[in-house]
>>> print(open('model-v1.cif').read())   # mmCIF, C-alpha atoms and all ligand atoms; chains and numbers go by the auth columns
data_entry
loop_
_atom_site.group_PDB
_atom_site.id
_atom_site.type_symbol
_atom_site.label_atom_id
_atom_site.label_comp_id
_atom_site.label_asym_id
_atom_site.label_seq_id
_atom_site.Cartn_x
_atom_site.Cartn_y
_atom_site.Cartn_z
_atom_site.B_iso_or_equiv
_atom_site.auth_seq_id
_atom_site.auth_asym_id
ATOM 1 C CA MET A 1 18.575 -20.423 13.914 0.00 1 A
ATOM 2 C CA GLU A 2 16.876 -17.496 15.599 0.00 2 A
ATOM 3 C CA ALA A 3 13.987 -15.786 13.909 0.00 3 A
ATOM 4 C CA PRO A 4 14.704 -12.171 12.954 0.00 4 A
ATOM 5 C CA VAL A 5 13.379 -9.608 15.406 0.00 5 A
ATOM 6 C CA TYR A 6 11.698 -6.490 14.113 0.00 6 A
ATOM 7 C CA THR A 7 12.103 -3.620 16.505 0.00 7 A
ATOM 8 C CA GLY A 8 10.087 -1.103 14.543 0.00 8 A
ATOM 9 C CA LEU A 9 8.089 -0.715 11.402 0.00 9 A
ATOM 10 C CA ARG A 10 9.129 1.975 8.997 0.00 10 A
ATOM 11 C CA GLU A 11 6.538 3.676 6.854 0.00 11 A
ATOM 12 C CA ASN A 12 7.756 1.809 3.765 0.00 12 A
ATOM 13 C CA ASP A 13 7.372 -1.554 5.443 0.00 13 A
ATOM 14 C CA ARG A 14 3.787 -0.819 6.318 0.00 14 A
ATOM 15 C CA LEU A 15 2.986 0.528 2.877 0.00 15 A
ATOM 16 C CA SER A 16 4.605 -2.367 1.101 0.00 16 A
ATOM 17 C CA THR A 17 2.159 -4.815 2.629 0.00 17 A
ATOM 18 C CA ALA A 18 -0.787 -3.164 0.855 0.00 18 A
ATOM 19 C CA VAL A 19 -2.069 -5.223 -2.046 0.00 19 A
ATOM 20 C CA ILE A 20 -2.013 -3.699 -5.515 0.00 20 A
ATOM 21 C CA HIS A 21 -4.276 -4.752 -8.341 0.00 21 A
ATOM 22 C CA TYR A 22 -3.681 -4.031 -11.983 0.00 22 A
ATOM 23 C CA MET A 23 -6.078 -3.272 -14.797 0.00 23 A
ATOM 24 C CA ALA A 24 -5.107 -3.010 -18.440 0.00 24 A
ATOM 25 C CA ALA A 25 -6.433 -2.160 -21.881 0.00 25 A
ATOM 26 C CA ALA A 26 -4.869 -1.756 -25.303 0.00 26 A
ATOM 27 C CA VAL A 27 -5.673 -0.411 -28.738 0.00 27 A
ATOM 28 C CA THR A 28 -3.636 -0.841 -31.905 0.00 28 A
ATOM 29 C CA ASP A 29 -4.367 0.884 -35.192 0.00 29 A
ATOM 30 C CA THR A 30 -2.849 0.794 -38.678 0.00 30 A
ATOM 31 C CA GLY A 31 -2.874 4.597 -38.849 0.00 31 A
ATOM 32 C CA ARG A 32 -3.737 6.661 -41.904 0.00 32 A
ATOM 33 C CA LYS A 33 -0.775 6.040 -44.228 0.00 33 A
ATOM 34 C CA ARG A 34 0.233 2.400 -43.890 0.00 34 A
ATOM 35 C CA THR A 35 -1.679 -0.514 -45.353 0.00 35 A
ATOM 36 C CA SER A 36 -0.692 -3.080 -42.727 0.00 36 A
ATOM 37 C CA ASN A 37 -0.118 -3.078 -38.991 0.00 37 A
ATOM 38 C CA GLU A 38 3.332 -4.293 -37.936 0.00 38 A
ATOM 39 C CA ASP A 39 2.707 -3.556 -34.253 0.00 39 A
ATOM 40 C CA SER A 40 1.651 -6.334 -31.879 0.00 40 A
ATOM 41 C CA TYR A 41 0.859 -6.379 -28.196 0.00 41 A
ATOM 42 C CA GLY A 42 0.238 -8.942 -25.508 0.00 42 A
ATOM 43 C CA LEU A 43 -1.253 -8.678 -22.060 0.00 43 A
ATOM 44 C CA SER A 44 -2.124 -10.978 -19.196 0.00 44 A
ATOM 45 C CA VAL A 45 -3.409 -9.283 -16.051 0.00 45 A
ATOM 46 C CA GLU A 46 -3.370 -12.706 -14.385 0.00 46 A
ATOM 47 C CA HIS A 47 0.386 -13.060 -14.841 0.00 47 A
ATOM 48 C CA GLY A 48 1.267 -9.367 -14.780 0.00 48 A
ATOM 49 C CA ILE A 49 2.626 -9.312 -18.351 0.00 49 A
ATOM 50 C CA TYR A 50 2.181 -6.301 -20.629 0.00 50 A
ATOM 51 C CA LEU A 51 4.123 -5.844 -23.820 0.00 51 A
ATOM 52 C CA VAL A 52 4.285 -3.958 -27.100 0.00 52 A
ATOM 53 C CA CYS A 53 6.368 -4.867 -30.170 0.00 53 A
ATOM 54 C CA ASP A 54 6.860 -2.830 -33.344 0.00 54 A
ATOM 55 C CA GLY A 55 8.090 -4.967 -36.222 0.00 55 A
ATOM 56 C CA MET A 56 10.356 -3.950 -39.082 0.00 56 A
ATOM 57 C CA GLY A 57 11.759 -5.410 -42.251 0.00 57 A
ATOM 58 C CA GLY A 58 8.947 -4.825 -44.740 0.00 58 A
ATOM 59 C CA ALA A 59 5.241 -5.346 -44.211 0.00 59 A
ATOM 60 C CA ALA A 60 4.972 -9.151 -44.041 0.00 60 A
ATOM 61 C CA ALA A 61 8.307 -9.575 -42.276 0.00 61 A
ATOM 62 C CA GLY A 62 7.550 -6.858 -39.735 0.00 62 A
ATOM 63 C CA GLU A 63 4.204 -8.403 -38.881 0.00 63 A
ATOM 64 C CA ILE A 64 5.780 -11.831 -38.476 0.00 64 A
ATOM 65 C CA ALA A 65 8.615 -10.510 -36.312 0.00 65 A
ATOM 66 C CA SER A 66 6.385 -8.600 -33.886 0.00 66 A
ATOM 67 C CA SER A 67 3.751 -11.312 -33.617 0.00 67 A
ATOM 68 C CA LEU A 68 6.409 -14.031 -33.112 0.00 68 A
ATOM 69 C CA ALA A 69 7.977 -11.887 -30.374 0.00 69 A
ATOM 70 C CA VAL A 70 4.635 -11.514 -28.604 0.00 70 A
ATOM 71 C CA GLU A 71 3.663 -15.189 -28.954 0.00 71 A
ATOM 72 C CA GLU A 72 6.999 -16.580 -27.821 0.00 72 A
ATOM 73 C CA SER A 73 7.536 -14.206 -24.935 0.00 73 A
ATOM 74 C CA MET A 74 3.942 -14.476 -23.675 0.00 74 A
ATOM 75 C CA ARG A 75 4.310 -18.257 -23.713 0.00 75 A
ATOM 76 C CA VAL A 76 7.596 -18.264 -21.808 0.00 76 A
ATOM 77 C CA LEU A 77 6.685 -15.492 -19.379 0.00 77 A
ATOM 78 C CA SER A 78 3.256 -16.824 -18.444 0.00 78 A
ATOM 79 C CA ALA A 79 4.767 -20.267 -17.763 0.00 79 A
ATOM 80 C CA ARG A 80 7.643 -18.883 -15.669 0.00 80 A
ATOM 81 C CA LEU A 81 5.760 -16.174 -13.799 0.00 81 A
ATOM 82 C CA ALA A 82 2.972 -18.542 -12.736 0.00 82 A
ATOM 83 C CA ASP A 83 5.495 -19.628 -10.100 0.00 83 A
ATOM 84 C CA GLU A 84 5.829 -16.662 -7.758 0.00 84 A
ATOM 85 C CA SER A 85 9.274 -17.701 -6.563 0.00 85 A
ATOM 86 C CA THR A 86 10.726 -17.304 -10.076 0.00 86 A
ATOM 87 C CA SER A 87 13.097 -14.389 -10.615 0.00 87 A
ATOM 88 C CA VAL A 88 11.277 -11.970 -12.912 0.00 88 A
ATOM 89 C CA ARG A 89 14.564 -10.713 -14.300 0.00 89 A
ATOM 90 C CA MET A 90 15.668 -14.220 -15.250 0.00 90 A
ATOM 91 C CA ALA A 91 12.272 -14.976 -16.778 0.00 91 A
ATOM 92 C CA ALA A 92 12.546 -11.782 -18.831 0.00 92 A
ATOM 93 C CA GLU A 93 16.051 -12.660 -20.023 0.00 93 A
ATOM 94 C CA GLU A 94 14.903 -16.137 -21.008 0.00 94 A
ATOM 95 C CA ALA A 95 11.825 -14.843 -22.844 0.00 95 A
ATOM 96 C CA VAL A 96 13.897 -12.328 -24.789 0.00 96 A
ATOM 97 C CA ALA A 97 16.499 -14.957 -25.717 0.00 97 A
ATOM 98 C CA ILE A 98 13.862 -17.449 -26.915 0.00 98 A
ATOM 99 C CA ALA A 99 11.908 -14.834 -28.873 0.00 99 A
ATOM 100 C CA ASN A 100 15.143 -13.544 -30.405 0.00 100 A
ATOM 101 C CA GLU A 101 16.145 -17.025 -31.503 0.00 101 A
ATOM 102 C CA ALA A 102 12.673 -17.737 -32.962 0.00 102 A
ATOM 103 C CA ILE A 103 12.746 -14.590 -35.114 0.00 103 A
ATOM 104 C CA TYR A 104 16.403 -14.822 -36.095 0.00 104 A
ATOM 105 C CA SER A 105 16.288 -18.488 -37.124 0.00 105 A
ATOM 106 C CA ARG A 106 13.114 -17.927 -39.140 0.00 106 A
ATOM 107 C CA SER A 107 14.751 -15.009 -40.976 0.00 107 A
ATOM 108 C CA LEU A 108 17.724 -17.223 -41.851 0.00 108 A
ATOM 109 C CA ARG A 109 15.445 -19.928 -43.256 0.00 109 A
ATOM 110 C CA ASN A 110 13.466 -17.572 -45.484 0.00 110 A
ATOM 111 C CA PRO A 111 15.288 -14.998 -47.646 0.00 111 A
ATOM 112 C CA ARG A 112 12.143 -12.868 -47.921 0.00 112 A
ATOM 113 C CA LEU A 113 12.232 -12.405 -44.158 0.00 113 A
ATOM 114 C CA SER A 114 15.946 -11.610 -44.066 0.00 114 A
ATOM 115 C CA GLY A 115 16.809 -8.869 -41.585 0.00 115 A
ATOM 116 C CA MET A 116 13.398 -8.760 -39.934 0.00 116 A
ATOM 117 C CA GLY A 117 13.251 -7.682 -36.339 0.00 117 A
ATOM 118 C CA THR A 118 11.140 -5.904 -33.782 0.00 118 A
ATOM 119 C CA THR A 119 11.242 -3.567 -30.839 0.00 119 A
ATOM 120 C CA PHE A 120 10.186 -4.991 -27.494 0.00 120 A
ATOM 121 C CA VAL A 121 8.958 -3.086 -24.469 0.00 121 A
ATOM 122 C CA ALA A 122 7.413 -4.869 -21.508 0.00 122 A
ATOM 123 C CA LEU A 123 6.146 -4.146 -18.037 0.00 123 A
ATOM 124 C CA LEU A 124 6.193 -7.173 -15.742 0.00 124 A
ATOM 125 C CA ALA A 125 4.277 -6.451 -12.567 0.00 125 A
ATOM 126 C CA ARG A 126 4.306 -8.425 -9.362 0.00 126 A
ATOM 127 C CA GLU A 127 2.507 -6.687 -6.507 0.00 127 A
ATOM 128 C CA ARG A 128 4.328 -3.425 -5.793 0.00 128 A
ATOM 129 C CA ARG A 129 7.393 -4.360 -7.775 0.00 129 A
ATOM 130 C CA ALA A 130 7.576 -4.135 -11.514 0.00 130 A
ATOM 131 C CA TRP A 131 10.253 -4.687 -14.122 0.00 131 A
ATOM 132 C CA VAL A 132 10.607 -2.745 -17.332 0.00 132 A
ATOM 133 C CA VAL A 133 12.246 -4.557 -20.249 0.00 133 A
ATOM 134 C CA ASN A 134 13.264 -2.645 -23.347 0.00 134 A
ATOM 135 C CA ILE A 135 14.875 -3.183 -26.745 0.00 135 A
ATOM 136 C CA GLY A 136 14.529 -0.510 -29.445 0.00 136 A
ATOM 137 C CA ASP A 137 12.443 2.648 -29.554 0.00 137 A
ATOM 138 C CA SER A 138 9.029 1.625 -28.291 0.00 138 A
ATOM 139 C CA ARG A 139 8.558 3.249 -24.895 0.00 139 A
ATOM 140 C CA CYS A 140 7.274 2.839 -21.363 0.00 140 A
ATOM 141 C CA TYR A 141 5.971 5.909 -19.551 0.00 141 A
ATOM 142 C CA ARG A 142 4.583 6.346 -16.069 0.00 142 A
ATOM 143 C CA LEU A 143 2.001 8.927 -15.080 0.00 143 A
ATOM 144 C CA ARG A 144 2.165 9.558 -11.333 0.00 144 A
ATOM 145 C CA ASN A 145 0.291 12.434 -9.696 0.00 145 A
ATOM 146 C CA ARG A 146 -0.553 13.768 -13.161 0.00 146 A
ATOM 147 C CA SER A 147 3.117 13.996 -14.019 0.00 147 A
ATOM 148 C CA LEU A 148 4.473 12.002 -16.967 0.00 148 A
ATOM 149 C CA GLU A 149 7.885 10.370 -16.926 0.00 149 A
ATOM 150 C CA GLN A 150 9.512 8.366 -19.705 0.00 150 A
ATOM 151 C CA LEU A 151 11.013 5.298 -18.012 0.00 151 A
ATOM 152 C CA THR A 152 12.841 3.788 -20.997 0.00 152 A
ATOM 153 C CA HIS A 153 15.713 5.090 -23.107 0.00 153 A
ATOM 154 C CA ASP A 154 15.301 4.631 -26.845 0.00 154 A
ATOM 155 C CA HIS A 155 17.943 2.453 -28.449 0.00 155 A
ATOM 156 C CA SER A 156 18.159 4.752 -31.418 0.00 156 A
ATOM 157 C CA TRP A 157 20.958 6.648 -33.078 0.00 157 A
ATOM 158 C CA VAL A 158 19.345 10.037 -32.454 0.00 158 A
ATOM 159 C CA ASP A 159 18.671 9.276 -28.775 0.00 159 A
ATOM 160 C CA GLU A 160 22.334 8.394 -28.331 0.00 160 A
ATOM 161 C CA GLN A 161 23.329 11.679 -29.965 0.00 161 A
ATOM 162 C CA VAL A 162 20.998 13.589 -27.616 0.00 162 A
ATOM 163 C CA ARG A 163 22.410 11.813 -24.559 0.00 163 A
ATOM 164 C CA LEU A 164 25.943 12.590 -25.705 0.00 164 A
ATOM 165 C CA GLY A 165 24.940 16.253 -26.029 0.00 165 A
ATOM 166 C CA LEU A 166 25.610 16.230 -29.770 0.00 166 A
ATOM 167 C CA MET A 167 22.020 16.888 -30.797 0.00 167 A
ATOM 168 C CA THR A 168 18.977 18.633 -29.282 0.00 168 A
ATOM 169 C CA GLU A 169 15.603 16.887 -28.860 0.00 169 A
ATOM 170 C CA ALA A 170 14.187 19.110 -31.594 0.00 170 A
ATOM 171 C CA GLU A 171 16.990 18.208 -33.986 0.00 171 A
ATOM 172 C CA ALA A 172 16.481 14.535 -33.180 0.00 172 A
ATOM 173 C CA GLY A 173 12.791 14.805 -34.049 0.00 173 A
ATOM 174 C CA ARG A 174 13.629 16.263 -37.471 0.00 174 A
ATOM 175 C CA SER A 175 16.622 14.054 -38.238 0.00 175 A
ATOM 176 C CA GLN A 176 16.584 11.902 -41.347 0.00 176 A
ATOM 177 C CA PHE A 177 18.191 9.213 -39.169 0.00 177 A
ATOM 178 C CA ARG A 178 15.443 9.180 -36.534 0.00 178 A
ATOM 179 C CA ASN A 179 14.282 5.732 -37.728 0.00 179 A
ATOM 180 C CA VAL A 180 17.665 4.138 -37.105 0.00 180 A
ATOM 181 C CA ILE A 181 17.495 1.904 -34.066 0.00 181 A
ATOM 182 C CA THR A 182 20.641 0.528 -32.513 0.00 182 A
ATOM 183 C CA ARG A 183 19.148 -2.537 -30.839 0.00 183 A
ATOM 184 C CA ALA A 184 16.384 -4.851 -32.087 0.00 184 A
ATOM 185 C CA LEU A 185 14.983 -8.245 -31.272 0.00 185 A
ATOM 186 C CA GLY A 186 15.641 -10.937 -33.879 0.00 186 A
ATOM 187 C CA THR A 187 18.145 -9.209 -36.167 0.00 187 A
ATOM 188 C CA GLN A 188 21.221 -10.885 -34.650 0.00 188 A
ATOM 189 C CA SER A 189 22.035 -14.149 -32.906 0.00 189 A
ATOM 190 C CA SER A 190 21.732 -12.497 -29.503 0.00 190 A
ATOM 191 C CA VAL A 191 20.547 -9.246 -27.949 0.00 191 A
ATOM 192 C CA THR A 192 20.789 -7.648 -24.528 0.00 192 A
ATOM 193 C CA PRO A 193 17.666 -5.918 -23.217 0.00 193 A
ATOM 194 C CA ASP A 194 17.607 -3.088 -20.697 0.00 194 A
ATOM 195 C CA ILE A 195 15.920 -4.511 -17.594 0.00 195 A
ATOM 196 C CA PHE A 196 15.290 -2.421 -14.505 0.00 196 A
ATOM 197 C CA GLU A 197 13.119 -2.720 -11.455 0.00 197 A
ATOM 198 C CA ILE A 198 10.740 -0.014 -10.268 0.00 198 A
ATOM 199 C CA GLU A 199 8.232 0.326 -7.476 0.00 199 A
ATOM 200 C CA ALA A 200 4.578 0.740 -8.386 0.00 200 A
ATOM 201 C CA GLU A 201 2.230 2.834 -6.284 0.00 201 A
ATOM 202 C CA PRO A 202 -1.557 2.807 -6.266 0.00 202 A
ATOM 203 C CA GLY A 203 -2.730 5.324 -8.845 0.00 203 A
ATOM 204 C CA ASP A 204 0.246 4.855 -11.173 0.00 204 A
ATOM 205 C CA LEU A 205 -0.687 4.647 -14.828 0.00 205 A
ATOM 206 C CA PHE A 206 1.819 3.009 -17.168 0.00 206 A
ATOM 207 C CA MET A 207 1.748 3.440 -20.924 0.00 207 A
ATOM 208 C CA LEU A 208 3.548 1.128 -23.350 0.00 208 A
ATOM 209 C CA CYS A 209 3.492 2.414 -26.911 0.00 209 A
ATOM 210 C CA SER A 210 5.052 2.248 -30.353 0.00 210 A
ATOM 211 C CA ASP A 211 6.787 5.213 -31.989 0.00 211 A
ATOM 212 C CA GLY A 212 3.726 5.804 -34.176 0.00 212 A
ATOM 213 C CA LEU A 213 2.204 7.346 -31.049 0.00 213 A
ATOM 214 C CA THR A 214 5.158 9.322 -29.726 0.00 214 A
ATOM 215 C CA ARG A 215 6.075 10.753 -33.145 0.00 215 A
ATOM 216 C CA GLU A 216 2.632 12.357 -33.358 0.00 216 A
ATOM 217 C CA LEU A 217 1.961 13.469 -29.787 0.00 217 A
ATOM 218 C CA ASN A 218 4.337 15.375 -27.520 0.00 218 A
ATOM 219 C CA ASP A 219 4.795 14.505 -23.853 0.00 219 A
ATOM 220 C CA GLY A 220 2.710 17.474 -22.658 0.00 220 A
ATOM 221 C CA LEU A 221 -0.273 16.345 -24.666 0.00 221 A
ATOM 222 C CA ILE A 222 0.126 12.714 -23.595 0.00 222 A
ATOM 223 C CA GLU A 223 0.341 13.849 -19.973 0.00 223 A
ATOM 224 C CA SER A 224 -2.867 15.863 -20.144 0.00 224 A
ATOM 225 C CA MET A 225 -4.750 13.100 -21.943 0.00 225 A
ATOM 226 C CA LEU A 226 -3.650 10.374 -19.517 0.00 226 A
ATOM 227 C CA SER A 227 -4.677 12.603 -16.601 0.00 227 A
ATOM 228 C CA LEU A 228 -8.315 12.425 -17.718 0.00 228 A
ATOM 229 C CA ASP A 229 -10.503 10.387 -15.437 0.00 229 A
ATOM 230 C CA LEU A 230 -11.746 7.846 -17.969 0.00 230 A
ATOM 231 C CA PRO A 231 -11.967 4.049 -18.179 0.00 231 A
ATOM 232 C CA LEU A 232 -8.743 2.608 -19.643 0.00 232 A
ATOM 233 C CA GLU A 233 -10.397 1.411 -22.870 0.00 233 A
ATOM 234 C CA ARG A 234 -11.659 4.909 -23.581 0.00 234 A
ATOM 235 C CA LEU A 235 -8.318 6.470 -22.688 0.00 235 A
ATOM 236 C CA CYS A 236 -6.500 4.136 -25.110 0.00 236 A
ATOM 237 C CA ALA A 237 -8.983 4.908 -27.874 0.00 237 A
ATOM 238 C CA ARG A 238 -8.707 8.631 -27.258 0.00 238 A
ATOM 239 C CA VAL A 239 -4.897 8.651 -27.339 0.00 239 A
ATOM 240 C CA VAL A 240 -4.754 6.546 -30.516 0.00 240 A
ATOM 241 C CA ASP A 241 -7.390 8.738 -32.120 0.00 241 A
ATOM 242 C CA ALA A 242 -5.380 11.857 -31.301 0.00 242 A
ATOM 243 C CA ALA A 243 -2.261 10.305 -32.899 0.00 243 A
ATOM 244 C CA LYS A 244 -4.285 9.516 -36.031 0.00 244 A
ATOM 245 C CA LYS A 245 -5.674 13.028 -36.214 0.00 245 A
ATOM 246 C CA ALA A 246 -2.167 14.423 -35.776 0.00 246 A
ATOM 247 C CA GLY A 247 -1.036 12.564 -38.907 0.00 247 A
ATOM 248 C CA GLY A 248 -1.213 8.823 -38.315 0.00 248 A
ATOM 249 C CA HIS A 249 1.939 8.308 -40.395 0.00 249 A
ATOM 250 C CA ASP A 250 2.775 4.994 -38.772 0.00 250 A
ATOM 251 C CA ASN A 251 1.028 2.152 -36.923 0.00 251 A
ATOM 252 C CA ILE A 252 -0.079 3.242 -33.454 0.00 252 A
ATOM 253 C CA THR A 253 -0.273 1.088 -30.334 0.00 253 A
ATOM 254 C CA CYS A 254 -1.229 2.216 -26.852 0.00 254 A
ATOM 255 C CA LEU A 255 -1.323 -0.218 -23.931 0.00 255 A
ATOM 256 C CA LEU A 256 -2.309 1.206 -20.549 0.00 256 A
ATOM 257 C CA VAL A 257 -1.834 -0.453 -17.170 0.00 257 A
ATOM 258 C CA ARG A 258 -3.254 1.049 -13.999 0.00 258 A
ATOM 259 C CA ALA A 259 -2.118 0.107 -10.499 0.00 259 A
ATOM 260 C CA GLU A 260 -4.934 0.287 -7.972 0.00 260 A
ATOM 261 C CA GLY A 261 -4.657 0.042 -4.211 0.00 261 A
HETATM 262 CA CA CA B . 6.661 2.071 -35.878 0.00 1 B
#
>>> encode(input="model-v1.cif", output="structure tokens")
Amino acid sequence: MEAPVYTGLRENDRLSTAVIHYMAAAVTDTGRKRTSNEDSYGLSVEHGIYLVCDGMGGAAAGEIASSLAVEESMRVLSARLADESTSVRMAAEEAVAIANEAIYSRSLRNPRLSGMGTTFVALLARERRAWVVNIGDSRCYRLRNRSLEQLTHDHSWVDEQVRLGLMTEAEAGRSQFRNVITRALGTQSSVTPDIFEIEAEPGDLFMLCSDGLTRELNDGLIESMLSLDLPLERLCARVVDAAKKAGGHDNITCLLVRAEG
């Protein structure tokens, strides 16, 4: 078989050969009103795995659900993604299925954990390509050129109403049903995550967070804070601190991932 012949190099081809490195930091905080922290996060710069989970089902159950989700999916993903020929999408589907089963079967065995579940938002980065995986209402944002974009859709009743044009964003924020999520990990025998591929550019800053952050801080404020030229650890601490000062009604988790050329 003949080798392919390249007659010209487009700009994208040249750019895509540049190596990207990632750096990450995270802060989680109980907030000012709750007595326990049901959020969990996991990160492995080595394997390009970043994830945030926000548990539900009562304090103990919520903590168990989110930490089980992080443990199980970190285990599966770091094993699968160590092999660079593995499909990231398939690894993500497998990790979600195994974590879902672990939480669901544990909730069936123990009545006190009945109905527990968790959100799940992950960024899986491999060079310039990255995959966003989402279940529930934790979010992934991207700051590019000081402009903030929410990459995930919430799986929540109010978000569906907004997308159907039946409710405004402001009404959604005030709704008594704003806590109702329409998809969760571990509450049923199976779940389908949103998985989509994006391209990362040097300078991109990704934020994974729980709703305890986005309920307190609007996008404009998040955008201006993330645009500050600070080390990631300090940025995380500053964002979480701002969410606490704004009320801190819920647990707050901020995980930042920077792509560097
Ligand atoms: Ca929460």
>>> residues_near_ligand(input="model-v1.cif", ligand="ligand CA 1 (chain B)", cutoff="8 Å", atoms="all atoms listed in the file", output="JSON, numbers by chain")
{"A": [38, 39, 54, 55, 56, 138, 210, 211, 212, 250, 251, 252]}
>>> closest_residue(input="model-v1.cif", among="A:Trp131, A:Gln188, A:Thr35, A:Gly173", to="Arg106 of chain A", atoms="only C-alpha atoms")
A:Gln188
>>> atom_distance(input="model-v1.cif", atom1="atom CA of Thr119 of chain A", atom2="atom CA of Ser147 of chain A")
25.6 Å
>>> residues_near_point(input="model-v1.cif", point="(5.8, 16.0, -26.3)", cutoff="12 Å", atoms="all atoms listed in the file", output="PyMOL selection string")
chain A and resi 148-150+169-170+173+213-225+243
>>> residues_around(input="model-v1.cif", residues="Arg178 of chain A", least_positions_apart="5", cutoff="8 Å", atoms="only C-alpha atoms", output="VMD selection string")
chain A and resid 156 to 158 172 to 173
>>> write_last_selection(input="model-v1.cif", atoms="C-alpha atoms", output="compact mmCIF listing (two decimals), in the frame of the given file")
# COMPACT_ATOMS: atom_id res chain seq x y z
CA SER A 156 18.16 4.75 -31.42
CA TRP A 157 20.96 6.65 -33.08
CA VAL A 158 19.34 10.04 -32.45
CA ALA A 172 16.48 14.54 -33.18
CA GLY A 173 12.79 14.80 -34.05
>>> closest_residue(input="model-v1.cif", among="A:Ser227, A:Thr86, A:Thr152, A:Ser44", to="Met74 of chain A", atoms="only C-alpha atoms")
A:Ser44
>>> resolve_selection(input="model-v1.cif", expression="the PyMOL selection byres (((chain A and resi 112) around 12) and not hetatm)", output="PDB file with C-alpha atoms, in the frame of the given file")
ATOM      1  CA  GLY A  57      11.759  -5.410 -42.251  1.00  0.00           C
ATOM      2  CA  GLY A  58       8.947  -4.825 -44.740  1.00  0.00           C
ATOM      3  CA  ALA A  59       5.241  -5.346 -44.211  1.00  0.00           C
ATOM      4  CA  ALA A  60       4.972  -9.151 -44.041  1.00  0.00           C
ATOM      5  CA  ALA A  61       8.307  -9.575 -42.276  1.00  0.00           C
ATOM      6  CA  GLY A  62       7.550  -6.858 -39.735  1.00  0.00           C
ATOM      7  CA  ILE A  64       5.780 -11.831 -38.476  1.00  0.00           C
ATOM      8  CA  ARG A 106      13.114 -17.927 -39.140  1.00  0.00           C
ATOM      9  CA  SER A 107      14.751 -15.009 -40.976  1.00  0.00           C
ATOM     10  CA  LEU A 108      17.724 -17.223 -41.851  1.00  0.00           C
ATOM     11  CA  ARG A 109      15.445 -19.928 -43.256  1.00  0.00           C
ATOM     12  CA  ASN A 110      13.466 -17.572 -45.484  1.00  0.00           C
ATOM     13  CA  PRO A 111      15.288 -14.998 -47.646  1.00  0.00           C
ATOM     14  CA  LEU A 113      12.232 -12.405 -44.158  1.00  0.00           C
ATOM     15  CA  SER A 114      15.946 -11.610 -44.066  1.00  0.00           C
ATOM     16  CA  GLY A 115      16.809  -8.869 -41.585  1.00  0.00           C
ATOM     17  CA  MET A 116      13.398  -8.760 -39.934  1.00  0.00           C
TER      18      MET A 116
END
>>> closest_residue(input="model-v1.cif", among="A:Val180, A:Leu208, A:Leu226, A:Ala200", to="Gly261 of chain A", atoms="all atoms listed in the file")
A:Ala200
>>> closest_residue(input="model-v1.cif", among="A:Gly42, A:Pro231, A:Gly248, A:Pro202", to="Glu127 of chain A", atoms="all atoms listed in the file")
A:Pro202
>>> resolve_selection(input="model-v1.cif", expression="the PyMOL selection byres (((chain A and resi 258) around 7) and not hetatm)", output="PyMOL selection string")
chain A and resi 22-24+203-206+256-257+259-260
>>> resolve_selection(input="model-v1.cif", expression="the PyMOL selection byres (((chain A and resi 233) around 10) and not hetatm)", output="PyMOL selection string")
chain A and resi 24-27+230-232+234-238+255-256
>>> write_last_selection(input="model-v1.cif", atoms="C-alpha atoms", output="short mmCIF file (atom, residue, chain, number, x, y, z; two decimals), in the coordinates of the input")
data_model
loop_
_atom_site.label_atom_id
_atom_site.label_comp_id
_atom_site.auth_asym_id
_atom_site.auth_seq_id
_atom_site.Cartn_x
_atom_site.Cartn_y
_atom_site.Cartn_z
CA ALA A 24 -5.11 -3.01 -18.44
CA ALA A 25 -6.43 -2.16 -21.88
CA ALA A 26 -4.87 -1.76 -25.30
CA VAL A 27 -5.67 -0.41 -28.74
CA LEU A 230 -11.75 7.85 -17.97
CA PRO A 231 -11.97 4.05 -18.18
CA LEU A 232 -8.74 2.61 -19.64
CA ARG A 234 -11.66 4.91 -23.58
CA LEU A 235 -8.32 6.47 -22.69
CA CYS A 236 -6.50 4.14 -25.11
CA ALA A 237 -8.98 4.91 -27.87
CA ARG A 238 -8.71 8.63 -27.26
CA LEU A 255 -1.32 -0.22 -23.93
CA LEU A 256 -2.31 1.21 -20.55
#
>>> atom_distance(input="model-v1.cif", atom1="atom CA of Leu68 of chain A", atom2="atom CA of Ala102 of chain A")
7.3 Å
>>> residues_around(input="model-v1.cif", residues="His249 of chain A", least_positions_apart="2", cutoff="7 Å", atoms="all atoms listed in the file", output="list in words")
Gly31, Arg32, Lys33, Gly212 and Gly247 of chain A
>>> closest_residue(input="model-v1.cif", among="A:Leu185, A:Ala65, A:Val70, A:Leu164", to="Tyr41 of chain A", atoms="all atoms listed in the file")
A:Val70
>>> residues_near_point(input="model-v1.cif", point="(14.4, -19.9, -29.0)", cutoff="12 Å", atoms="all atoms listed in the file", output="VMD selection string")
chain A and resid 68 to 69 71 to 73 75 to 76 93 to 106 185 to 186 189 to 190
>>> closest_residue(input="model-v1.cif", among="A:Asp29, A:Leu77, A:Glu171, A:Asp194", to="Tyr50 of chain A", atoms="all atoms listed in the file")
A:Leu77
>>> axis_aligned_box(input="model-v1.cif", around="segment 124-140 of chain A", padding_each_side="8 Å", output="lines of an AutoDock Vina configuration file")
center_x = 8.7
center_y = -2.6
center_z = -17.7
size_x = 28.4
size_y = 27.7
size_z = 39.8
>>> residues_around(input="model-v1.cif", residues="Thr182 of chain A", least_positions_apart="5", cutoff="12 Å", atoms="all atoms listed in the file", output="number ranges by chain")
A: 117-119, 135-137, 153-161, 177, 187-188, 191-193
>>> atom_distance(input="model-v1.cif", atom1="atom CA of Ser66 of chain A", atom2="atom CA of Arg129 of chain A")
26.5 Å
>>> residues_around(input="model-v1.cif", residues="His47 of chain A", least_positions_apart="2", cutoff="7 Å", atoms="all atoms listed in the file", output="PyMOL selection string")
chain A and resi 44-45+49+78+81-82
